[in-house]
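Note sheet for the following structure.
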Amino acid sequence: MNERRSVEQFDVVGAGLGPFNLSLAALLEPLSDLRARFFEARSSFQWHCGIMVPGAELQVSFLKDLVTLADPSSHFSFLNYLAHEGRLHRFLIAHADRCSRQEFELYYQWAASQLESVRWNHRVERVELAAGGLAVSCSGGGSVTGSNLVLGSGREPWMPEFATKLRGDTVLHAAEFRTVRPSLRGRDVVVVGAGQSGAEVVNNLLSGELGLPRSLTWISSRLGILPLDDSPFSNEWFHPAYVDHFYGLSAERRQELLSRQRMASDGVSESLLREIYRRLYELDTLRPGRMRHRLLVCRRLIDLLHDHGRLAATVHDEDTGGIETCEADVVICATGYRSQFPEYLEPLRGRILDSDGALRIRRDYSLEWDGPPELGIYVQNAAEGTHGVADPNLSLAAWRSARIVNSICGRTAYRIEGAPSTISWDGADPRPPDAPDQDLSTPPIAGVNVL
Ligand SMILES: Cc1cc2nc3c(=O)[nH]c(=O)nc-3n(C[C@H](O)[C@H](O)[C@H](O)COP(=O)(O)OP(=O)(O)OC[C@H]3O[C@@H](n4cnc5c(N)ncnc54)[C@H](O)[C@@H]3O)c2cc1C
């Protein structure tokens with residue numbers, strides 16, 4: 001007999017549960033009129049576990065958690081987590097304005113463990129158009145249908161092609177540093193890339209936790225080993241008002257801006273730079289000869305080969321045009337992450353990508369696609385080109401999730417729109433039109449805000 005099993009129907013189906021879809025799941029949780037289901041391939045919440053080095057710190061304020069910037073009263077805030085664990089006072093005394101990535105991962109795990117909508121060990125394998133919605137099939141078995149799909153499966157570690165071919169336990173991406181655990185003691189190690197991940201790997205090598213290498217060569221194509229620009233006016237690029245301004249610009253202008261704003265997202269935390277510098281200084285002065293090190297900037301790795309049991313790295317000097325070959329036992333590529341078209345979306349590729357092979361992303365993070373208009377596909381962490389430098393960053397996680405929730409609901413479930421920024425992106429006077437003129441004749445008293 002041809003028995004038809006009923007397929008569960010949801011308003012929202014999430015593919016992947018990193019911090020971004022976790023934020024969405026947390027904001028959806030109190031909305032009883034929406035049925036949601038989130039599928040995660042792993043067996044529990046993990047946050048970039050392959051590069052969770054001891055001492056790694058969050059690069060943003062802990063207030064940029066799953067919910068606070070959309071709903072400070074949410075149960076799922078970081079502060080509520082601390083209160084729940086009885087750690088509010090000690091956290092503030094210990095850190096004041098910093099937080100370790102390990103503690104933030106514990107917070108994420110605490111939030112994830114309370115969400116009924118989450119299914120672990122479920123890798124989304126296929127999404128296709130079916131009667132009644134988008135049919136989502138998972139490796140964990142079964143299939144559900146959703147009226148809205150939210151892609152939250154993250155970015156993929158990226159390495160140059162010649163390094164990818166040699167990928168294993170001597171050539172690896174920084175994302176697998178703690179899982180591959182290459183043997184480092186007494187070996188010649190090359191680290192490629194001087195963003196936050198490259199710096200974290202180098203700092204960990206210098207700590208000797210996994211054995212002190214014989215030599216370290218740190219290669220960066222940047223002009224130097226450059227700090228994160230975390231200054232207030234640059235941080236206005238991480239304000240919702242800027243996202244909307246950026247969205248309205250031409251594609252060429254957006255591209256240009258992104259390359260000029262890079263250091264606001266990809267630079268290295270200043271405290272980490274200081275720590276590395278100090279460790280190198282101490283190695284040279286207190287333990288001379290213990291480990292050779294060369295820091296090469298304006299140099300680009302252009303080839304990598306196996307050579308008589310060793311690795312030969314070809315390096316281009318961007319200043320002089322010269323080429324040098326550097327021998328190594330281990331090469332760690334901290335060469336970043338890129339958005340890939342998810343395999344599970346292959347059945348819909350032709351309906352989603354435009355003729356240039358790009359996603360067309362609306363302001364509310366939904367895709368323009370060739371499908372029934374009542375079915376929505378939303379993206380998290382795939383809209384840097386249209387929504388700006390904040391897109392892969394945690395800063396706007398709660399705000400973006402709330403915007404997606406509002407769009408799916410078709411109502412203002414979260415009041416998140418319209419907060420003015422300090423920089424006037426559209427050139428308008430930022431004062432509300434009915435604000436009285438301030439008498440500027442009396443000088444303000446120092447330390448007192450005159451608004
Ligand atoms: C090491 C590191 C540190 C960072 N630190 C900061 C920071 O301090 N501050 C900041 O603002 N930003 C930081 N970022 C940037 C950004 O916040 C993180 O990359 C963040 O984890 C992105 O979240 P995500 O949800 O998009 O993806 P991810 O965290 O990558 O999560 C994606 C999830 O989807 C799952 N998945 C993938 N495919 C499937 C599938 N087919 N089916 C089901 N599940 C699937 C994966 O298992 C994974 O759990 C950091 C990035 C890195 C790499």
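Ligands are numbered from 1 in the order shown, residues from 1 within each chain, and chains are lettered A, B, ... in the order they appear in the structure tokens.
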Neighbourhood of ligand 1 at 7 Å, counting only C-alpha atoms and all ligand atoms, reported as a PyMOL selection string:
chain A and resi 15-21+39-42+45-48+51-52+57-60+101+122-125+152-155+175+197+344+380-381+392-395
Which residues, written as a list of chain:residue names, have at least one atom at most 10 Å from Trp369 (chain A), with only C-alpha atoms counted and residues fewer than 2 positions away on the same chain left out?
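Result of the neighbour search: A:Leu348, A:Arg349, A:Gly350, A:Arg351, A:Ile352, A:Leu353, A:Asp354, A:Leu359, A:Arg360, A:Ile361, A:Ser366, A:Leu367, A:Gly371, A:Pro372, A:Pro373, A:Leu375, A:Gly376, A:Ile377.
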Could you give me, as a list in words, the residues within 10 Å of Thr145 (chain A), counting only C-alpha atoms and dropping anything in the same chain fewer than 2 positions from it?
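That gives Val7, Glu8, Gln9, Phe10, Asp11, Val12, Val13, Arg37, Val127, Glu128, Leu129, Ala130, Ala131, Gly132, Gly133, Leu134, Ala135, Val136, Ser137, Ser143, Ser147, Asn148 and Leu149 of chain A.
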Strand (DSSP E or B) residues, from DSSP on the backbone, in region 150-303 of chain A, as a PDB file with N, CA, C and O atoms, in the first residue's frame:
ATOM      1  N   VAL A 150      15.712  30.253   6.206  1.00  0.00           N
ATOM      2  CA  VAL A 150      16.768  31.221   6.533  1.00  0.00           C
ATOM      3  C   VAL A 150      18.110  30.501   6.503  1.00  0.00           C
ATOM      4  O   VAL A 150      18.340  29.549   7.264  1.00  0.00           O
ATOM      5  N   LEU A 151      18.967  30.948   5.587  1.00  0.00           N
ATOM      6  CA  LEU A 151      20.272  30.312   5.412  1.00  0.00           C
ATOM      7  C   LEU A 151      21.215  30.831   6.486  1.00  0.00           C
ATOM      8  O   LEU A 151      21.522  32.022   6.525  1.00  0.00           O
ATOM      9  N   GLU A 156      32.803  29.454   4.429  1.00  0.00           N
ATOM     10  CA  GLU A 156      33.773  28.352   4.388  1.00  0.00           C
ATOM     11  C   GLU A 156      35.185  28.882   4.511  1.00  0.00           C
ATOM     12  O   GLU A 156      35.512  29.923   3.918  1.00  0.00           O
ATOM     13  N   PRO A 157      36.073  28.173   5.243  1.00  0.00           N
ATOM     14  CA  PRO A 157      37.488  28.569   5.259  1.00  0.00           C
ATOM     15  C   PRO A 157      38.024  28.574   3.831  1.00  0.00           C
ATOM     16  O   PRO A 157      37.707  27.677   3.047  1.00  0.00           O
ATOM     17  N   VAL A 171      49.744  21.003   5.960  1.00  0.00           N
ATOM     18  CA  VAL A 171      49.237  22.226   5.323  1.00  0.00           C
ATOM     19  C   VAL A 171      47.776  22.339   5.727  1.00  0.00           C
ATOM     20  O   VAL A 171      46.966  21.459   5.397  1.00  0.00           O
ATOM     21  N   LEU A 172      47.448  23.360   6.480  1.00  0.00           N
ATOM     22  CA  LEU A 172      46.088  23.435   7.013  1.00  0.00           C
ATOM     23  C   LEU A 172      45.596  24.876   7.078  1.00  0.00           C
ATOM     24  O   LEU A 172      46.395  25.814   6.988  1.00  0.00           O
ATOM     25  N   HIS A 173      44.295  24.992   7.233  1.00  0.00           N
ATOM     26  CA  HIS A 173      43.696  26.314   7.442  1.00  0.00           C
ATOM     27  C   HIS A 173      43.670  26.574   8.949  1.00  0.00           C
ATOM     28  O   HIS A 173      43.544  25.633   9.754  1.00  0.00           O
ATOM     29  N   ASP A 188      59.944  23.842  11.511  1.00  0.00           N
ATOM     30  CA  ASP A 188      59.900  25.153  10.856  1.00  0.00           C
ATOM     31  C   ASP A 188      58.460  25.411  10.414  1.00  0.00           C
ATOM     32  O   ASP A 188      57.909  24.647   9.609  1.00  0.00           O
ATOM     33  N   VAL A 189      57.892  26.462  10.959  1.00  0.00           N
ATOM     34  CA  VAL A 189      56.466  26.716  10.739  1.00  0.00           C
ATOM     35  C   VAL A 189      56.283  28.057  10.021  1.00  0.00           C
ATOM     36  O   VAL A 189      56.915  29.055  10.381  1.00  0.00           O
ATOM     37  N   VAL A 190      55.422  28.039   8.992  1.00  0.00           N
ATOM     38  CA  VAL A 190      55.060  29.279   8.297  1.00  0.00           C
ATOM     39  C   VAL A 190      53.591  29.555   8.584  1.00  0.00           C
ATOM     40  O   VAL A 190      52.747  28.659   8.459  1.00  0.00           O
ATOM     41  N   VAL A 191      53.283  30.786   8.989  1.00  0.00           N
ATOM     42  CA  VAL A 191      51.880  31.208   9.125  1.00  0.00           C
ATOM     43  C   VAL A 191      51.631  32.268   8.057  1.00  0.00           C
ATOM     44  O   VAL A 191      52.403  33.229   7.931  1.00  0.00           O
ATOM     45  N   VAL A 192      50.568  32.075   7.283  1.00  0.00           N
ATOM     46  CA  VAL A 192      50.264  33.002   6.200  1.00  0.00           C
ATOM     47  C   VAL A 192      49.006  33.785   6.578  1.00  0.00           C
ATOM     48  O   VAL A 192      47.967  33.179   6.864  1.00  0.00           O
ATOM     49  N   SER A 215      61.489  27.381  14.136  1.00  0.00           N
ATOM     50  CA  SER A 215      61.441  28.719  13.538  1.00  0.00           C
ATOM     51  C   SER A 215      60.004  29.058  13.163  1.00  0.00           C
ATOM     52  O   SER A 215      59.185  28.176  12.899  1.00  0.00           O
ATOM     53  N   LEU A 216      59.740  30.348  13.166  1.00  0.00           N
ATOM     54  CA  LEU A 216      58.428  30.846  12.752  1.00  0.00           C
ATOM     55  C   LEU A 216      58.647  31.906  11.676  1.00  0.00           C
ATOM     56  O   LEU A 216      59.424  32.841  11.868  1.00  0.00           O
ATOM     57  N   THR A 217      57.959  31.721  10.541  1.00  0.00           N
ATOM     58  CA  THR A 217      57.941  32.764   9.519  1.00  0.00           C
ATOM     59  C   THR A 217      56.485  33.196   9.391  1.00  0.00           C
ATOM     60  O   THR A 217      55.602  32.362   9.149  1.00  0.00           O
ATOM     61  N   TRP A 218      56.237  34.487   9.605  1.00  0.00           N
ATOM     62  CA  TRP A 218      54.856  35.003   9.547  1.00  0.00           C
ATOM     63  C   TRP A 218      54.784  35.930   8.334  1.00  0.00           C
ATOM     64  O   TRP A 218      55.496  36.943   8.286  1.00  0.00           O
ATOM     65  N   ILE A 219      53.941  35.542   7.375  1.00  0.00           N
ATOM     66  CA  ILE A 219      53.896  36.250   6.097  1.00  0.00           C
ATOM     67  C   ILE A 219      52.572  37.000   5.958  1.00  0.00           C
ATOM     68  O   ILE A 219      51.500  36.411   6.143  1.00  0.00           O
ATOM     69  N   PRO A 227      46.363  46.977  13.163  1.00  0.00           N
ATOM     70  CA  PRO A 227      45.335  46.847  14.204  1.00  0.00           C
ATOM     71  C   PRO A 227      43.915  46.979  13.662  1.00  0.00           C
ATOM     72  O   PRO A 227      43.684  47.610  12.630  1.00  0.00           O
ATOM     73  N   VAL A 268      43.722  43.317  13.619  1.00  0.00           N
ATOM     74  CA  VAL A 268      43.992  42.513  14.817  1.00  0.00           C
ATOM     75  C   VAL A 268      43.748  43.372  16.071  1.00  0.00           C
ATOM     76  O   VAL A 268      44.132  44.550  16.111  1.00  0.00           O
ATOM     77  N   ARG A 292      63.913  30.924  16.091  1.00  0.00           N
ATOM     78  CA  ARG A 292      64.136  32.001  15.112  1.00  0.00           C
ATOM     79  C   ARG A 292      62.774  32.485  14.629  1.00  0.00           C
ATOM     80  O   ARG A 292      61.828  31.703  14.525  1.00  0.00           O
ATOM     81  N   HIS A 293      62.702  33.762  14.326  1.00  0.00           N
ATOM     82  CA  HIS A 293      61.433  34.250  13.758  1.00  0.00           C
ATOM     83  C   HIS A 293      61.687  35.347  12.744  1.00  0.00           C
ATOM     84  O   HIS A 293      62.600  36.160  12.888  1.00  0.00           O
ATOM     85  N   ARG A 294      60.884  35.286  11.685  1.00  0.00           N
ATOM     86  CA  ARG A 294      60.945  36.323  10.647  1.00  0.00           C
ATOM     87  C   ARG A 294      59.517  36.783  10.397  1.00  0.00           C
ATOM     88  O   ARG A 294      58.625  35.966  10.136  1.00  0.00           O
ATOM     89  N   LEU A 295      59.305  38.078  10.480  1.00  0.00           N
ATOM     90  CA  LEU A 295      57.985  38.636  10.172  1.00  0.00           C
ATOM     91  C   LEU A 295      58.098  39.349   8.839  1.00  0.00           C
ATOM     92  O   LEU A 295      58.843  40.327   8.715  1.00  0.00           O
ATOM     93  N   LEU A 296      57.383  38.836   7.832  1.00  0.00           N
ATOM     94  CA  LEU A 296      57.511  39.370   6.477  1.00  0.00           C
ATOM     95  C   LEU A 296      56.210  40.045   6.073  1.00  0.00           C
ATOM     96  O   LEU A 296      55.187  39.373   5.927  1.00  0.00           O
ATOM     97  N   ARG A 299      54.432  40.772   1.578  1.00  0.00           N
ATOM     98  CA  ARG A 299      54.874  39.546   0.896  1.00  0.00           C
ATOM     99  C   ARG A 299      53.636  38.679   0.669  1.00  0.00           C
ATOM    100  O   ARG A 299      52.788  38.571   1.560  1.00  0.00           O
ATOM    101  N   ARG A 300      53.571  38.060  -0.479  1.00  0.00           N
ATOM    102  CA  ARG A 300      52.412  37.219  -0.796  1.00  0.00           C
ATOM    103  C   ARG A 300      52.882  35.802  -1.116  1.00  0.00           C
ATOM    104  O   ARG A 300      53.823  35.626  -1.903  1.00  0.00           O
ATOM    105  N   LEU A 301      52.246  34.821  -0.491  1.00  0.00           N
ATOM    106  CA  LEU A 301      52.543  33.418  -0.827  1.00  0.00           C
ATOM    107  C   LEU A 301      51.952  33.145  -2.198  1.00  0.00           C
ATOM    108  O   LEU A 301      50.742  33.338  -2.401  1.00  0.00           O
ATOM    109  N   ILE A 302      52.781  32.724  -3.164  1.00  0.00           N
ATOM    110  CA  ILE A 302      52.230  32.510  -4.512  1.00  0.00           C
ATOM    111  C   ILE A 302      52.317  31.049  -4.957  1.00  0.00           C
ATOM    112  O   ILE A 302      51.729  30.692  -5.969  1.00  0.00           O
ATOM    113  N   ASP A 303      53.011  30.224  -4.191  1.00  0.00           N
ATOM    114  CA  ASP A 303      53.024  28.804  -4.546  1.00  0.00           C
ATOM    115  C   ASP A 303      53.505  27.981  -3.345  1.00  0.00           C
ATOM    116  O   ASP A 303      54.205  28.509  -2.469  1.00  0.00           O
TER     117      ASP A 303
END
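Restricting the calculation to only C-alpha atoms, the smallest distance between Glu105 (chain A) and any of A:Glu346, A:Glu236, A:Asp356, A:Asp65 is found for A:Asp65.
A straight line drawn from CA of Thr170 (chain A) to CA of Ile332 (chain A) is 7.9 Å long.
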Just the helix (DSSP H, G or I) stuff from region 124-291 of chain A, please, per backbone DSSP, written as a PyMOL selection string.
chain A and resi 161-164+174-180+196-207+234-238+240-247+251-260+263-266+270-286
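Of the listed residues (A:Glu161, A:Asp169, A:Asp370, A:Glu327), A:Glu327 comes nearest to His306 (chain A); the distances count only C-alpha atoms.
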Shell around Arg187 (chain A) at 8 Å using only C-alpha atoms, local window under 4 positions removed, as a list in words:
Ser183, Pro213, Arg214, Ser215, Ala328, Asp329 and Val330 of chain A
Saved selection, atoms kept: C-alpha atoms, as a JSON list (two decimals), in the first residue's frame:
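Final output, selection.json:
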[["chain", "number", "residue", "atom", "x", "y", "z"],
["A", 183, "SER", "CA", 53.17, 18.56, 15.36],
["A", 213, "PRO", "CA", 58.70, 25.52, 16.84],
["A", 214, "ARG", "CA", 62.34, 25.77, 15.74],
["A", 215, "SER", "CA", 61.44, 28.72, 13.54],
["A", 328, "ALA", "CA", 58.96, 24.67, 6.08],
["A", 329, "ASP", "CA", 57.59, 21.59, 7.81],
["A", 330, "VAL", "CA", 54.16, 23.05, 8.51]]
Hey, can you check how far CA of Phe91 (chain A) sits from CA of Ser113 (chain A)?
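Separating CA of Phe91 (chain A) from CA of Ser113 (chain A) is a distance of 21.8 Å.
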Glu209 (chain A) surroundings by only C-alpha atoms, 12 Å radius, close-in-sequence under 3 positions cut, as a PyMOL selection string
chain A and resi 53-55+178+181+183-185+201-206+212-213
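Across A:Arg310, A:Lys165, A:Gly385, A:Ile225, the tightest approach to Glu252 (chain A) is made by A:Gly385 when counting only C-alpha atoms.
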Name all residues at most 10 Å from Ser43 (chain A) (count only C-alpha atoms; drop same-chain ones fewer than 4 positions away) and give them as a PyMOL selection string.
chain A and resi 119-122
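In terms of minimum interatomic distance to Met263 (chain A), A:Val389 ranks closest within A:Val389, A:Cys326, A:Ile276, A:Leu66, counting only C-alpha atoms.
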Selection: 10 Å around Gly248 (chain A), only C-alpha atoms, excl. self and same-chain fewer than 5 positions, as a compact mmCIF listing (two decimals) with N, CA and C atoms, in the first residue's frame:
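This is the output file out20.txt:
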# COMPACT_ATOMS: atom_id res chain seq x y z
N TYR A 242 23.79 52.95 8.84
CA TYR A 242 24.77 52.85 7.76
C TYR A 242 24.44 51.70 6.81
N VAL A 243 23.88 50.62 7.35
CA VAL A 243 23.51 49.49 6.49
C VAL A 243 22.55 49.98 5.41
N ARG A 254 30.00 50.54 -3.49
CA ARG A 254 29.98 49.64 -2.33
C ARG A 254 31.26 48.81 -2.29
N ARG A 363 16.62 44.62 0.96
CA ARG A 363 16.95 45.30 2.21
C ARG A 363 16.65 44.44 3.44
N THR A 386 26.13 43.90 -0.37
CA THR A 386 24.99 44.81 -0.46
C THR A 386 24.69 45.54 0.85
N HIS A 387 25.01 44.92 1.97
CA HIS A 387 24.63 45.51 3.27
C HIS A 387 25.82 46.01 4.09
